[in-house]
>>> print(open('structure_17.pdb').read())   # PDB, C-alpha atoms
ATOM      1  CA  MET A   1      18.349 -58.096   3.557
ATOM      2  CA  LEU A   2      18.732 -60.483   0.627
ATOM      3  CA  ARG A   3      15.309 -62.000   1.306
ATOM      4  CA  LYS A   4      13.790 -58.490   1.333
ATOM      5  CA  ARG A   5      15.437 -57.659  -1.983
ATOM      6  CA  LEU A   6      14.246 -60.911  -3.497
ATOM      7  CA  THR A   7      10.713 -60.218  -2.312
ATOM      8  CA  VAL A   8      10.728 -56.812  -3.985
ATOM      9  CA  LEU A   9      12.189 -58.424  -7.089
ATOM     10  CA  PHE A  10       9.431 -61.019  -7.093
ATOM     11  CA  VAL A  11       6.578 -58.512  -6.773
ATOM     12  CA  SER A  12       7.991 -56.318  -9.532
ATOM     13  CA  ALA A  13       8.610 -59.292 -11.755
ATOM     14  CA  LEU A  14       5.034 -60.507 -11.510
ATOM     15  CA  LEU A  15       3.860 -57.288 -13.112
ATOM     16  CA  PHE A  16       6.085 -57.888 -16.120
ATOM     17  CA  ALA A  17       5.546 -61.620 -16.276
ATOM     18  CA  ALA A  18       1.837 -60.931 -16.621
ATOM     19  CA  CYS A  19       2.484 -59.135 -19.880
ATOM     20  CA  GLY A  20       1.800 -61.421 -22.776
ATOM     21  CA  ASN A  21       4.062 -62.118 -25.673
ATOM     22  CA  LYS A  22       3.277 -59.107 -27.892
ATOM     23  CA  GLN A  23       5.991 -59.783 -30.443
ATOM     24  CA  SER A  24       4.982 -61.925 -33.390
ATOM     25  CA  LYS A  25       6.249 -63.754 -36.440
ATOM     26  CA  GLU A  26       7.361 -60.358 -37.762
ATOM     27  CA  ASN A  27       9.939 -60.134 -34.960
ATOM     28  CA  ASN A  28      11.240 -63.584 -35.802
ATOM     29  CA  ASN A  29      11.499 -62.545 -39.445
ATOM     30  CA  GLN A  30      13.559 -59.533 -38.398
ATOM     31  CA  THR A  31      15.858 -61.775 -36.360
ATOM     32  CA  LEU A  32      16.432 -64.089 -39.314
ATOM     33  CA  ASP A  33      16.861 -61.234 -41.787
ATOM     34  CA  SER A  34      19.337 -59.458 -39.524
ATOM     35  CA  ALA A  35      21.382 -62.617 -39.091
ATOM     36  CA  ASP A  36      21.406 -63.242 -42.842
ATOM     37  CA  GLN A  37      22.512 -59.696 -43.619
ATOM     38  CA  THR A  38      25.335 -59.885 -41.067
ATOM     39  CA  THR A  39      26.688 -63.024 -42.720
ATOM     40  CA  LYS A  40      26.498 -61.467 -46.186
ATOM     41  CA  LYS A  41      28.264 -58.306 -45.058
ATOM     42  CA  SER A  42      31.041 -60.233 -43.351
ATOM     43  CA  GLY A  43      31.855 -62.122 -46.524
ATOM     44  CA  ALA A  44      32.815 -65.085 -44.374
ATOM     45  CA  GLN A  45      31.147 -68.290 -43.288
ATOM     46  CA  LEU A  46      30.539 -67.584 -39.635
ATOM     47  CA  LYS A  47      29.129 -70.052 -37.137
ATOM     48  CA  ASN A  48      25.866 -69.013 -35.525
ATOM     49  CA  ILE A  49      25.250 -68.707 -31.795
ATOM     50  CA  LEU A  50      21.536 -68.479 -30.996
ATOM     51  CA  PHE A  51      20.597 -66.930 -27.657
ATOM     52  CA  PHE A  52      17.036 -68.092 -27.057
ATOM     53  CA  GLY A  53      15.292 -66.547 -24.095
ATOM     54  CA  THR A  54      13.207 -63.931 -22.341
ATOM     55  CA  SER A  55      13.392 -60.160 -21.912
ATOM     56  CA  LEU A  56      16.667 -60.725 -20.062
ATOM     57  CA  THR A  57      18.208 -61.879 -23.329
ATOM     58  CA  ALA A  58      16.277 -59.366 -25.447
ATOM     59  CA  GLY A  59      17.716 -56.540 -23.341
ATOM     60  CA  TYR A  60      14.444 -55.029 -22.150
ATOM     61  CA  GLY A  61      14.749 -51.289 -21.562
ATOM     62  CA  LEU A  62      18.222 -51.115 -23.079
ATOM     63  CA  ASP A  63      19.684 -50.165 -26.401
ATOM     64  CA  PRO A  64      20.185 -53.387 -28.406
ATOM     65  CA  THR A  65      23.938 -52.822 -28.261
ATOM     66  CA  GLU A  66      23.797 -52.948 -24.445
ATOM     67  CA  ALA A  67      22.080 -56.338 -24.164
ATOM     68  CA  TYR A  68      24.402 -59.075 -22.943
ATOM     69  CA  PRO A  69      24.324 -61.079 -26.232
ATOM     70  CA  ALA A  70      25.601 -57.965 -28.056
ATOM     71  CA  LEU A  71      28.356 -57.606 -25.467
ATOM     72  CA  ILE A  72      29.262 -61.245 -26.078
ATOM     73  CA  GLN A  73      29.515 -60.456 -29.793
ATOM     74  CA  ASN A  74      31.926 -57.632 -28.991
ATOM     75  CA  ARG A  75      34.196 -60.043 -27.142
ATOM     76  CA  ILE A  76      34.023 -62.544 -29.972
ATOM     77  CA  ASP A  77      34.939 -59.862 -32.493
ATOM     78  CA  SER A  78      37.834 -58.603 -30.384
ATOM     79  CA  LEU A  79      39.232 -62.138 -30.303
ATOM     80  CA  LYS A  80      38.593 -62.582 -34.035
ATOM     81  CA  MET A  81      36.594 -65.747 -33.412
ATOM     82  CA  PRO A  82      34.399 -66.936 -36.337
ATOM     83  CA  TYR A  83      31.038 -66.633 -34.595
ATOM     84  CA  LYS A  84      27.927 -64.523 -35.087
ATOM     85  CA  VAL A  85      25.471 -63.917 -32.251
ATOM     86  CA  ILE A  86      21.748 -64.069 -32.991
ATOM     87  CA  ASN A  87      19.556 -62.560 -30.278
ATOM     88  CA  GLY A  88      16.382 -64.636 -30.048
ATOM     89  CA  GLY A  89      15.168 -63.081 -26.808
ATOM     90  CA  LEU A  90      11.493 -62.188 -26.468
ATOM     91  CA  SER A  91       9.827 -60.293 -23.613
ATOM     92  CA  GLY A  92       7.232 -62.259 -21.681
ATOM     93  CA  GLU A  93       8.386 -65.594 -23.079
ATOM     94  CA  THR A  94       7.470 -68.706 -21.090
ATOM     95  CA  SER A  95       8.858 -72.162 -21.714
ATOM     96  CA  ALA A  96       5.570 -73.134 -23.383
ATOM     97  CA  ALA A  97       5.716 -70.143 -25.728
ATOM     98  CA  GLY A  98       9.356 -70.892 -26.461
ATOM     99  CA  LYS A  99       8.438 -74.446 -27.345
ATOM    100  CA  SER A 100       6.065 -73.087 -29.992
ATOM    101  CA  ARG A 101       8.527 -70.502 -31.315
ATOM    102  CA  ILE A 102      11.767 -72.464 -31.564
ATOM    103  CA  SER A 103      11.044 -74.131 -34.905
ATOM    104  CA  TRP A 104      10.911 -70.760 -36.648
ATOM    105  CA  LEU A 105      14.364 -69.736 -35.440
ATOM    106  CA  LEU A 106      15.811 -73.112 -36.390
ATOM    107  CA  LYS A 107      15.267 -72.260 -40.047
ATOM    108  CA  GLN A 108      18.775 -70.811 -39.923
ATOM    109  CA  PRO A 109      21.869 -72.954 -39.218
ATOM    110  CA  ILE A 110      22.760 -73.108 -35.517
ATOM    111  CA  ASP A 111      26.173 -74.160 -34.228
ATOM    112  CA  VAL A 112      25.850 -73.077 -30.594
ATOM    113  CA  PHE A 113      22.575 -72.793 -28.693
ATOM    114  CA  VAL A 114      22.239 -70.812 -25.452
ATOM    115  CA  LEU A 115      18.942 -71.491 -23.664
ATOM    116  CA  GLU A 116      17.661 -68.854 -21.225
ATOM    117  CA  LEU A 117      14.047 -69.719 -20.463
ATOM    118  CA  GLY A 118      12.007 -70.531 -17.392
ATOM    119  CA  ALA A 119      12.177 -67.319 -15.385
ATOM    120  CA  ASN A 120       8.635 -66.287 -16.316
ATOM    121  CA  ASP A 121       7.396 -69.785 -15.486
ATOM    122  CA  GLY A 122       8.873 -69.511 -12.007
ATOM    123  CA  LEU A 123       7.544 -66.018 -11.374
ATOM    124  CA  ARG A 124       4.059 -67.239 -12.261
ATOM    125  CA  GLY A 125       4.409 -70.312 -10.082
ATOM    126  CA  LEU A 126       3.834 -72.686 -12.987
ATOM    127  CA  PRO A 127       4.396 -76.395 -12.252
ATOM    128  CA  VAL A 128       8.070 -77.331 -12.294
ATOM    129  CA  ALA A 129       7.317 -80.597 -14.096
ATOM    130  CA  GLN A 130       5.706 -78.713 -16.980
ATOM    131  CA  THR A 131       8.642 -76.316 -17.274
ATOM    132  CA  ILE A 132      11.028 -79.264 -17.403
ATOM    133  CA  LYS A 133       8.936 -80.921 -20.103
ATOM    134  CA  ASN A 134       8.819 -77.754 -22.222
ATOM    135  CA  LEU A 135      12.541 -77.055 -21.917
ATOM    136  CA  GLN A 136      13.383 -80.650 -22.782
ATOM    137  CA  SER A 137      11.156 -80.387 -25.848
ATOM    138  CA  ILE A 138      13.039 -77.274 -26.978
ATOM    139  CA  ILE A 139      16.378 -79.006 -26.442
ATOM    140  CA  ASP A 140      15.179 -82.059 -28.372
ATOM    141  CA  SER A 141      14.005 -79.893 -31.276
ATOM    142  CA  VAL A 142      17.416 -78.248 -31.547
ATOM    143  CA  LYS A 143      19.260 -81.566 -31.334
ATOM    144  CA  ILE A 144      17.082 -83.197 -33.983
ATOM    145  CA  LYS A 145      17.577 -80.319 -36.420
ATOM    146  CA  TYR A 146      21.291 -79.838 -35.683
ATOM    147  CA  PRO A 147      22.805 -82.993 -34.116
ATOM    148  CA  ASP A 148      26.292 -81.450 -33.783
ATOM    149  CA  VAL A 149      25.135 -78.315 -31.984
ATOM    150  CA  LYS A 150      26.879 -77.306 -28.764
ATOM    151  CA  MET A 151      24.479 -76.227 -26.038
ATOM    152  CA  VAL A 152      24.599 -73.935 -23.011
ATOM    153  CA  MET A 153      21.982 -73.719 -20.263
ATOM    154  CA  ALA A 154      21.511 -70.454 -18.356
ATOM    155  CA  GLY A 155      20.384 -71.207 -14.804
ATOM    156  CA  MET A 156      17.733 -69.161 -13.061
ATOM    157  CA  GLN A 157      16.349 -68.843  -9.530
ATOM    158  CA  VAL A 158      13.166 -67.455  -7.990
ATOM    159  CA  PRO A 159      12.539 -65.758  -4.629
ATOM    160  CA  PRO A 160      11.184 -67.959  -1.814
ATOM    161  CA  ASN A 161       7.703 -66.420  -1.922
ATOM    162  CA  MET A 162       6.283 -69.499  -3.621
ATOM    163  CA  GLY A 163       7.667 -71.652  -0.841
ATOM    164  CA  ALA A 164      11.100 -73.085  -0.133
ATOM    165  CA  LYS A 165      10.353 -76.385  -1.866
ATOM    166  CA  TYR A 166       9.190 -74.717  -5.071
ATOM    167  CA  ALA A 167      12.218 -72.413  -5.097
ATOM    168  CA  GLU A 168      14.585 -75.346  -4.614
ATOM    169  CA  ASP A 169      12.841 -77.534  -7.202
ATOM    170  CA  PHE A 170      12.883 -74.658  -9.672
ATOM    171  CA  LYS A 171      16.570 -73.954  -9.101
ATOM    172  CA  ASN A 172      17.376 -77.619  -9.766
ATOM    173  CA  ILE A 173      15.662 -77.616 -13.177
ATOM    174  CA  PHE A 174      18.650 -76.115 -14.907
ATOM    175  CA  PRO A 175      21.616 -78.130 -13.625
ATOM    176  CA  ASN A 176      19.594 -81.324 -13.970
ATOM    177  CA  LEU A 177      18.659 -80.647 -17.589
ATOM    178  CA  ALA A 178      22.192 -79.503 -18.377
ATOM    179  CA  LYS A 179      23.619 -82.731 -17.008
ATOM    180  CA  LYS A 180      21.034 -84.889 -18.762
ATOM    181  CA  ASN A 181      21.664 -83.247 -22.137
ATOM    182  CA  ASN A 182      25.426 -82.715 -21.891
ATOM    183  CA  MET A 183      25.054 -78.932 -21.850
ATOM    184  CA  ALA A 184      27.494 -76.424 -20.414
ATOM    185  CA  LEU A 185      25.895 -74.632 -17.443
ATOM    186  CA  VAL A 186      25.840 -70.999 -16.385
ATOM    187  CA  PRO A 187      24.805 -71.646 -12.753
ATOM    188  CA  PHE A 188      22.821 -68.408 -12.306
ATOM    189  CA  LEU A 189      22.483 -65.847 -15.092
ATOM    190  CA  LEU A 190      21.708 -63.005 -12.670
ATOM    191  CA  ASP A 191      24.568 -63.759 -10.294
ATOM    192  CA  LYS A 192      25.821 -60.528  -8.656
ATOM    193  CA  VAL A 193      22.938 -58.609 -10.297
ATOM    194  CA  GLY A 194      19.627 -60.028  -9.034
ATOM    195  CA  GLY A 195      18.339 -58.091  -6.029
ATOM    196  CA  VAL A 196      20.972 -55.337  -6.349
ATOM    197  CA  PRO A 197      18.994 -52.083  -6.848
ATOM    198  CA  LYS A 198      21.737 -50.056  -8.540
ATOM    199  CA  LEU A 199      22.217 -52.769 -11.174
ATOM    200  CA  ASN A 200      18.531 -53.034 -12.058
ATOM    201  CA  GLN A 201      16.046 -50.732 -13.729
ATOM    202  CA  GLU A 202      13.153 -49.166 -11.826
ATOM    203  CA  ASP A 203      11.044 -52.310 -12.262
ATOM    204  CA  GLY A 204      13.508 -54.144 -10.028
ATOM    205  CA  ILE A 205      13.941 -57.103 -12.367
ATOM    206  CA  HIS A 206      15.548 -56.044 -15.640
ATOM    207  CA  PRO A 207      19.256 -55.202 -15.419
ATOM    208  CA  THR A 208      20.663 -51.805 -16.308
ATOM    209  CA  ALA A 209      23.412 -51.491 -18.904
ATOM    210  CA  GLU A 210      25.929 -51.979 -16.100
ATOM    211  CA  GLY A 211      24.021 -55.022 -14.922
ATOM    212  CA  ASP A 212      24.080 -56.551 -18.383
ATOM    213  CA  LYS A 213      27.855 -56.215 -18.442
ATOM    214  CA  ILE A 214      27.915 -58.567 -15.470
ATOM    215  CA  LEU A 215      25.486 -60.937 -17.196
ATOM    216  CA  ALA A 216      27.859 -60.997 -20.153
ATOM    217  CA  ASP A 217      30.699 -61.881 -17.769
ATOM    218  CA  ASN A 218      28.640 -64.681 -16.215
ATOM    219  CA  VAL A 219      27.894 -66.172 -19.615
ATOM    220  CA  TRP A 220      31.315 -65.650 -21.138
ATOM    221  CA  VAL A 221      33.084 -67.614 -18.396
ATOM    222  CA  VAL A 222      31.227 -70.697 -19.635
ATOM    223  CA  LEU A 223      30.656 -69.897 -23.302
ATOM    224  CA  LYS A 224      34.293 -69.176 -24.172
ATOM    225  CA  ASP A 225      35.273 -72.771 -23.455
ATOM    226  CA  VAL A 226      32.442 -74.016 -25.651
ATOM    227  CA  LEU A 227      33.541 -71.808 -28.543
ATOM    228  CA  GLU A 228      37.192 -72.745 -28.209
ATOM    229  CA  ALA A 229      36.265 -76.424 -28.290
ATOM    230  CA  LYS A 230      34.068 -76.080 -31.392
TER
END
>>> encode(input="structure_17.pdb", output="structure tokens")
Amino acid sequence: MLRKRLTVLFVSALLFAACGNKQSKENNNQTLDSADQTTKKSGAQLKNILFFGTSLTAGYGLDPTEAYPALIQNRIDSLKMPYKVINGGLSGETSAAGKSRISWLLKQPIDVFVLELGANDGLRGLPVAQTIKNLQSIIDSVKIKYPDVKMVMAGMQVPPNMGAKYAEDFKNIFPNLAKKNNMALVPFLLDKVGGVPKLNQEDGIHPTAEGDKILADNVWVVLKDVLEAK
């Protein structure tokens, strides 16, 4: 049953992964402007948490307030923690595209960096070695710009359609990079959501609002310790 669900998930995902990155520098400007305005309105010096990722982070098909980074912000606010979430998710983003885009978002100060990239690489069957290289380049760019940044890696998995070896090699990308770079690890972002029809939109890949609540739980379990230690 799980294999069948994953197969359906894979086929649906390919349709969306094929969509190019249609958001441009204007979107990045909006992200930076929004973050700047939030800081000014708060009247306080908040630490920035940048969520850098794909449509999963952007909250495809959802109201922006329903995306899991926004739900994380709600938890932070309820605990009166001095952090501001910046949603740097972009639909269709691959690791290569993220490598090109990261420098723009690093124009703002970053204290915590959450990396959610690679899913579109896996769904397209791109070489694992290239994905690793791109993700490491992104990590290096963040570290060079902000040496004291705390980092979190969001793990991802792909269905076995590309072959068991590819699926296993892909799955290992994330814990291996997290260990190498001293990053906290969310083992699988879509845990308890991936392949569950009622928690995903009609495309079978993007979570519903209820699904994103679970994504927020998956991330918060790891992120809260990072924030408390900052």
>>> closest_residue(input="structure_17.pdb", among="A:Ile138, A:Gly53, A:Val114, A:Gln201", to="Val222 of chain A", atoms="all atoms listed in the file")
A:Val114
>>> atom_distance(input="structure_17.pdb", atom1="atom CA of Gln157 of chain A", atom2="atom CA of Leu123 of chain A")
9.4 Å
>>> closest_residue(input="structure_17.pdb", among="A:Gln136, A:Thr54, A:Asn182, A:Gln45", to="Ala119 of chain A", atoms="all atoms listed in the file")
A:Thr54
>>> closest_residue(input="structure_17.pdb", among="A:Asn74, A:Asn120, A:Asn218, A:Asn200", to="Gly61 of chain A", atoms="all atoms listed in the file")
A:Asn200
>>> residues_around(input="structure_17.pdb", residues="segment 75-87 of chain A", least_positions_apart="3", cutoff="7 Å", atoms="all atoms listed in the file", output="MDAnalysis selection string")
chainID A and resid 35 46:52 58 69 71:72
>>> atom_distance(input="structure_17.pdb", atom1="atom CA of Asn181 of chain A", atom2="atom CA of Ile139 of chain A")
8.0 Å
>>> resolve_selection(input="structure_17.pdb", expression="the PyMOL selection byres ((chain A and resi 102-111) around 8)", output="PyMOL selection string")
chain A and resi 28+32+47-50+88+98-101+112-113+138+141-142+145-146+148-150
>>> resolve_selection(input="structure_17.pdb", expression="the PyMOL selection byres ((chain A and resi 225) around 12)", output="PyMOL selection string")
chain A and resi 112+150-152+184-186+219-224+226-230
>>> resolve_selection(input="structure_17.pdb", expression="the PyMOL selection byres ((chain A and resi 167) around 12)", output="PyMOL selection string")
chain A and resi 6+10+119+121-123+125-128+156-166+168-173
>>> atom_distance(input="structure_17.pdb", atom1="atom CA of Ile132 of chain A", atom2="atom CA of Asn176 of chain A")
9.5 Å
>>> closest_residue(input="structure_17.pdb", among="A:Ser137, A:Tyr60, A:Glu66, A:Gly211", to="Ser95 of chain A", atoms="all atoms listed in the file")
A:Ser137
>>> residues_around(input="structure_17.pdb", residues="Leu62 of chain A", least_positions_apart="5", cutoff="10 Å", atoms="all atoms listed in the file", output="ChimeraX atom specification")
/A:67,201,206-209,212
>>> closest_residue(input="structure_17.pdb", among="A:Gly59, A:Phe188, A:Ala178, A:Glu116", to="Glu210 of chain A", atoms="only C-alpha atoms")
A:Gly59
>>> axis_aligned_box(input="structure_17.pdb", around="segment 119-137 of chain A", padding_each_side="5 Å", output="AutoDock Vina command-line options")
--center_x 8.6 --center_y -73.5 --center_z -18.0 --size_x 19.5 --size_y 24.9 --size_z 25.8
>>> build_atoms(input="structure_17.pdb", residues="segment 60-75 of chain A", atoms="N, CA and C atoms", output="JSON list (two decimals), keeping the file's coordinate frame")
[["chain", "number", "residue", "atom", "x", "y", "z"],
["A", 60, "TYR", "N", 15.58, -55.92, -22.42],
["A", 60, "TYR", "CA", 14.44, -55.03, -22.15],
["A", 60, "TYR", "C", 14.92, -53.71, -21.53],
["A", 61, "GLY", "N", 14.44, -52.60, -22.10],
["A", 61, "GLY", "CA", 14.75, -51.29, -21.56],
["A", 61, "GLY", "C", 16.12, -50.75, -21.94],
["A", 62, "LEU", "N", 16.87, -51.52, -22.70],
["A", 62, "LEU", "CA", 18.22, -51.12, -23.08],
["A", 62, "LEU", "C", 18.32, -50.90, -24.58],
["A", 63, "ASP", "N", 19.36, -50.20, -24.99],
["A", 63, "ASP", "CA", 19.68, -50.16, -26.40],
["A", 63, "ASP", "C", 20.14, -51.56, -26.79],
["A", 64, "PRO", "N", 19.78, -52.04, -28.00],
["A", 64, "PRO", "CA", 20.18, -53.39, -28.41],
["A", 64, "PRO", "C", 21.68, -53.67, -28.25],
["A", 65, "THR", "N", 22.49, -52.63, -28.39],
["A", 65, "THR", "CA", 23.94, -52.82, -28.26],
["A", 65, "THR", "C", 24.38, -53.04, -26.82],
["A", 66, "GLU", "N", 23.46, -52.79, -25.87],
["A", 66, "GLU", "CA", 23.80, -52.95, -24.44],
["A", 66, "GLU", "C", 23.36, -54.29, -23.88],
["A", 67, "ALA", "N", 22.55, -55.03, -24.63],
["A", 67, "ALA", "CA", 22.08, -56.34, -24.16],
["A", 67, "ALA", "C", 23.26, -57.31, -24.10],
["A", 68, "TYR", "N", 23.23, -58.23, -23.14],
["A", 68, "TYR", "CA", 24.40, -59.08, -22.94],
["A", 68, "TYR", "C", 24.79, -59.91, -24.17],
["A", 69, "PRO", "N", 23.86, -60.37, -25.03],
["A", 69, "PRO", "CA", 24.32, -61.08, -26.23],
["A", 69, "PRO", "C", 25.17, -60.19, -27.14],
["A", 70, "ALA", "N", 24.81, -58.89, -27.24],
["A", 70, "ALA", "CA", 25.60, -57.96, -28.06],
["A", 70, "ALA", "C", 26.99, -57.77, -27.45],
["A", 71, "LEU", "N", 27.06, -57.75, -26.13],
["A", 71, "LEU", "CA", 28.36, -57.61, -25.47],
["A", 71, "LEU", "C", 29.21, -58.85, -25.69],
["A", 72, "ILE", "N", 28.55, -60.00, -25.75],
["A", 72, "ILE", "CA", 29.26, -61.24, -26.08],
["A", 72, "ILE", "C", 29.83, -61.16, -27.50],
["A", 73, "GLN", "N", 29.04, -60.61, -28.42],
["A", 73, "GLN", "CA", 29.52, -60.46, -29.79],
["A", 73, "GLN", "C", 30.76, -59.56, -29.84],
["A", 74, "ASN", "N", 30.77, -58.52, -29.03],
["A", 74, "ASN", "CA", 31.93, -57.63, -28.99],
["A", 74, "ASN", "C", 33.19, -58.39, -28.57],
["A", 75, "ARG", "N", 33.05, -59.26, -27.60],
["A", 75, "ARG", "CA", 34.20, -60.04, -27.14],
["A", 75, "ARG", "C", 34.66, -61.01, -28.23]]
